[in-house]
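File shown: protein08.cif (mmCIF, C-alpha atoms).
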```cif
data_input
loop_
_atom_site.label_atom_id
_atom_site.label_comp_id
_atom_site.auth_asym_id
_atom_site.auth_seq_id
_atom_site.Cartn_x
_atom_site.Cartn_y
_atom_site.Cartn_z
CA MET A 14 14.63 -14.47 1.59
CA ASP A 15 18.11 -16.02 1.58
CA GLY A 16 19.75 -17.96 -1.29
CA ALA A 17 18.72 -21.37 0.03
CA ASP A 18 15.07 -20.31 0.31
CA LEU A 19 15.15 -18.76 -3.16
CA GLY A 20 16.71 -21.92 -4.59
CA TRP A 21 14.04 -24.06 -2.95
CA GLU A 22 11.24 -21.82 -4.25
CA LEU A 23 12.68 -21.81 -7.79
CA SER A 24 13.23 -25.56 -7.78
CA THR A 25 9.70 -26.20 -6.55
CA ALA A 26 8.16 -23.84 -9.13
CA VAL A 27 10.08 -25.49 -12.00
CA VAL A 28 9.21 -29.03 -10.90
CA LEU A 29 5.53 -28.19 -10.42
CA PHE A 30 5.36 -26.43 -13.81
CA HIS A 31 6.81 -29.48 -15.56
CA GLU A 32 4.56 -31.80 -13.57
CA ALA A 33 1.53 -29.76 -14.78
CA VAL A 34 2.76 -29.97 -18.39
CA ALA A 35 3.38 -33.70 -18.02
CA ARG A 36 -0.12 -34.30 -16.64
CA ARG A 37 -1.51 -32.79 -19.86
CA LEU A 38 0.32 -35.57 -21.69
CA GLY A 39 -0.71 -38.35 -19.31
CA LEU A 40 2.88 -38.56 -18.00
CA ASN A 41 4.85 -37.58 -14.94
CA ALA A 42 7.56 -34.90 -14.87
CA VAL A 43 10.49 -37.31 -15.29
CA ASP A 44 8.79 -38.99 -18.26
CA HIS A 45 8.13 -35.57 -19.80
CA LYS A 46 11.75 -34.47 -19.37
CA ALA A 47 12.94 -37.82 -20.78
CA LEU A 48 10.71 -37.34 -23.82
CA GLY A 49 12.18 -33.89 -24.33
CA PHE A 50 15.71 -35.30 -24.12
CA VAL A 51 14.94 -38.07 -26.62
CA THR A 52 13.28 -35.57 -28.96
CA ARG A 53 16.30 -33.23 -28.90
CA ASN A 54 19.11 -35.82 -28.75
CA GLY A 55 17.73 -39.10 -30.06
CA PRO A 56 17.75 -41.70 -31.22
CA LEU A 57 19.95 -42.86 -28.38
CA PRO A 58 20.59 -46.01 -26.34
CA ALA A 59 18.59 -46.46 -23.16
CA GLY A 60 21.85 -46.33 -21.19
CA ALA A 61 22.56 -42.80 -22.43
CA LEU A 62 19.07 -41.71 -21.41
CA ALA A 63 19.52 -43.40 -18.02
CA ALA A 64 22.82 -41.60 -17.49
CA GLU A 65 21.29 -38.24 -18.41
CA LEU A 66 18.40 -38.76 -15.99
CA GLY A 67 20.40 -40.50 -13.27
CA LEU A 68 18.22 -43.61 -13.39
CA GLY A 69 19.10 -47.28 -13.14
CA ALA A 70 18.44 -49.93 -15.76
CA SER A 71 15.09 -51.14 -14.40
CA ALA A 72 13.79 -47.60 -13.90
CA ILE A 73 14.76 -46.55 -17.43
CA THR A 74 13.12 -49.67 -18.88
CA ALA A 75 9.86 -48.83 -17.09
CA LEU A 76 10.10 -45.19 -18.21
CA VAL A 77 10.66 -46.13 -21.87
CA ASP A 78 7.81 -48.65 -21.63
CA ARG A 79 5.47 -45.86 -20.42
CA LEU A 80 6.57 -43.51 -23.20
CA GLN A 81 6.18 -46.29 -25.77
CA ARG A 82 2.68 -47.22 -24.51
CA ALA A 83 1.71 -43.54 -24.80
CA GLY A 84 2.98 -43.59 -28.41
CA TYR A 85 5.71 -40.97 -27.89
CA VAL A 86 8.78 -43.17 -28.48
CA ARG A 87 9.70 -46.44 -30.11
CA ARG A 88 12.57 -48.86 -29.80
CA VAL A 89 14.56 -49.28 -33.00
CA HIS A 90 17.63 -51.32 -33.90
CA ASP A 91 20.82 -49.30 -34.19
CA PRO A 92 21.75 -49.29 -37.90
CA GLU A 93 25.43 -49.41 -36.87
CA ASP A 94 25.02 -52.38 -34.51
CA ARG A 95 21.79 -54.38 -34.82
CA ARG A 96 22.35 -55.92 -31.36
CA ARG A 97 21.84 -52.51 -29.79
CA VAL A 98 18.43 -50.89 -29.37
CA LEU A 99 17.91 -47.14 -29.62
CA ILE A 100 15.10 -45.04 -28.20
CA SER A 101 13.61 -42.77 -30.87
CA ALA A 102 10.86 -40.15 -30.70
CA THR A 103 7.80 -41.13 -32.71
CA THR A 104 7.55 -38.47 -35.40
CA GLY A 105 4.06 -37.29 -36.07
CA HIS A 106 2.82 -38.34 -32.63
CA LEU A 107 4.74 -35.91 -30.45
CA PRO A 108 2.57 -33.64 -28.34
CA ASP A 109 2.13 -30.03 -29.44
CA LEU A 110 3.21 -27.98 -26.48
CA SER A 111 3.88 -24.84 -28.51
CA GLY A 112 1.01 -22.93 -26.91
CA ILE A 113 2.16 -23.68 -23.37
CA PHE A 114 5.77 -22.82 -24.07
CA ALA A 115 4.86 -19.80 -26.23
CA ASP A 116 2.99 -18.35 -23.24
CA LEU A 117 5.92 -19.12 -20.97
CA GLY A 118 8.39 -17.62 -23.45
CA ARG A 119 6.30 -14.47 -23.86
CA GLU A 120 5.98 -13.93 -20.12
CA MET A 121 9.65 -14.67 -19.48
CA GLY A 122 10.63 -12.31 -22.33
CA ALA A 123 8.56 -9.51 -20.82
CA PHE A 124 10.05 -10.19 -17.40
CA MET A 125 13.64 -10.32 -18.71
CA ALA A 126 13.22 -7.08 -20.73
CA LYS A 127 13.80 -5.05 -17.57
CA TYR A 128 17.45 -6.20 -17.37
CA ASP A 129 20.30 -4.56 -19.27
CA GLU A 130 22.95 -6.47 -21.21
CA ARG A 131 25.38 -6.64 -18.28
CA GLU A 132 22.70 -7.91 -15.90
CA LEU A 133 21.57 -10.51 -18.44
CA ALA A 134 25.17 -11.73 -18.76
CA THR A 135 25.31 -12.15 -14.97
CA ILE A 136 21.97 -13.97 -14.92
CA THR A 137 23.11 -16.24 -17.77
CA ASP A 138 26.34 -17.02 -15.92
CA TYR A 139 24.38 -17.82 -12.75
CA VAL A 140 21.92 -20.10 -14.55
CA ASN A 141 24.71 -21.93 -16.43
CA GLY A 142 26.64 -22.38 -13.17
CA THR A 143 23.52 -23.64 -11.41
CA ILE A 144 22.91 -26.19 -14.18
CA GLU A 145 26.48 -27.49 -13.88
CA VAL A 146 26.26 -27.76 -10.08
CA LEU A 147 22.93 -29.58 -10.29
CA LYS A 148 24.20 -32.01 -12.94
CA ALA A 149 27.29 -32.77 -10.85
CA GLN A 150 25.22 -33.29 -7.70
CA THR A 151 22.75 -35.50 -9.58
CA ALA A 152 25.60 -37.65 -10.89
CA ARG A 153 27.13 -37.85 -7.40
CA LEU A 154 23.82 -38.93 -5.87
CA ALA A 155 23.16 -41.48 -8.62
CA ALA A 156 26.65 -42.96 -8.23
CA SER A 157 26.36 -43.33 -4.48
CA ALA A 158 22.96 -44.99 -4.19
CA GLY A 159 22.67 -46.84 -0.93
CA PRO A 160 20.64 -49.91 0.10
CA GLY A 161 17.04 -49.70 -1.07
CA GLU A 162 17.84 -46.94 -3.56
CA PRO A 163 17.94 -47.33 -7.34
CA GLU A 164 21.21 -48.62 -8.71
CA PRO A 165 23.54 -46.21 -10.50
CA ALA A 166 22.94 -45.74 -14.23
CA ARG A 167 25.12 -47.74 -16.59
CA GLU A 168 25.79 -47.29 -20.30
CA ALA A 169 23.98 -49.73 -22.56
#
```
So that I can check it, write out the structure of this file as structure tokens.
Amino acid sequence: MDGADLGWELSTAVVLFHEAVARRLGLNAVDHKALGFVTRNGPLPAGALAAELGLGASAITALVDRLQRAGYVRRVHDPEDRRRVLISATTGHLPDLSGIFADLGREMGAFMAKYDERELATITDYVNGTIEVLKAQTARLAASAGPGEPEPAREA
């Protein structure tokens, strides 16, 4: 299998895994990843979340509405600027995914144990490089949306 085929297989496996996790929460994969971002980095303005996800203003509004209806996030006024609204994770109502991710972590740990320190450094470098390439390509695609495609994300 060549690099392009491996990349496609990996990408598909990751997306389908997160889609399965999201379904457990009554969400889709993008909503699930957005919730994770808000949980780790929030509270934050909707524009920052839109930029991270490569979504336009109307798409991010609909996404936040879905997360709010599910009880996972809330909109709060920014204490520094009351005109600005921040998206905040709803403490106490976040889903417990520890079992799912504990299983994943255990299996990945067992799998990774076969690599020595040098190989792990190479794998880490590859994964970090892949993340950077994907983020750059996502930003490029979001910035060059054509007719009928979502508008580029803007800061709120």
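The space between atom CA of A:Ser71 and atom CA of A:Arg88 spans 15.8 Å.
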Selected residue of minimal separation from A:Arg82 among A:Gly39, A:Gly122, A:Gly112, A:Pro56, counting all atoms listed in the file: A:Gly39
Expected answer as a PyMOL selection string: all residues with atoms within 8 Å of (11.3, -49.6, -30.7), all atoms listed in the file: chain A and resi 81+86-90+98-101
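Across the structure, atom CA of A:Arg97 and atom CA of A:Ala61 are spaced 12.2 Å apart.
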Residues in the PyMOL selection byres ((chain A and resi 42-45) around 8), expressed as a PyMOL selection string: chain A and resi 28+31-36+40-41+46-49+76+79-80
Using C-alpha atoms, can you export the residues from the last selection as a PDB file, keeping the file's coordinate frame?
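What ended up in selection00.pdb:
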```
ATOM      1  CA  VAL A  28       9.210 -29.030 -10.900  1.00  0.00           C
ATOM      2  CA  HIS A  31       6.810 -29.480 -15.560  1.00  0.00           C
ATOM      3  CA  GLU A  32       4.560 -31.800 -13.570  1.00  0.00           C
ATOM      4  CA  ALA A  33       1.530 -29.760 -14.780  1.00  0.00           C
ATOM      5  CA  VAL A  34       2.760 -29.970 -18.390  1.00  0.00           C
ATOM      6  CA  ALA A  35       3.380 -33.700 -18.020  1.00  0.00           C
ATOM      7  CA  ARG A  36      -0.120 -34.300 -16.640  1.00  0.00           C
ATOM      8  CA  LEU A  40       2.880 -38.560 -18.000  1.00  0.00           C
ATOM      9  CA  ASN A  41       4.850 -37.580 -14.940  1.00  0.00           C
ATOM     10  CA  LYS A  46      11.750 -34.470 -19.370  1.00  0.00           C
ATOM     11  CA  ALA A  47      12.940 -37.820 -20.780  1.00  0.00           C
ATOM     12  CA  LEU A  48      10.710 -37.340 -23.820  1.00  0.00           C
ATOM     13  CA  GLY A  49      12.180 -33.890 -24.330  1.00  0.00           C
ATOM     14  CA  LEU A  76      10.100 -45.190 -18.210  1.00  0.00           C
ATOM     15  CA  ARG A  79       5.470 -45.860 -20.420  1.00  0.00           C
ATOM     16  CA  LEU A  80       6.570 -43.510 -23.200  1.00  0.00           C
TER      17      LEU A  80
END
```
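Of note, atom CA of A:Ala152 and atom CA of A:Ser24 are spaced 17.6 Å apart.
Each of A:Thr52, A:Thr25, A:Gln150, A:Ser157 was compared to A:Pro108 using only C-alpha atoms, and A:Thr52 turns out to be the nearest.
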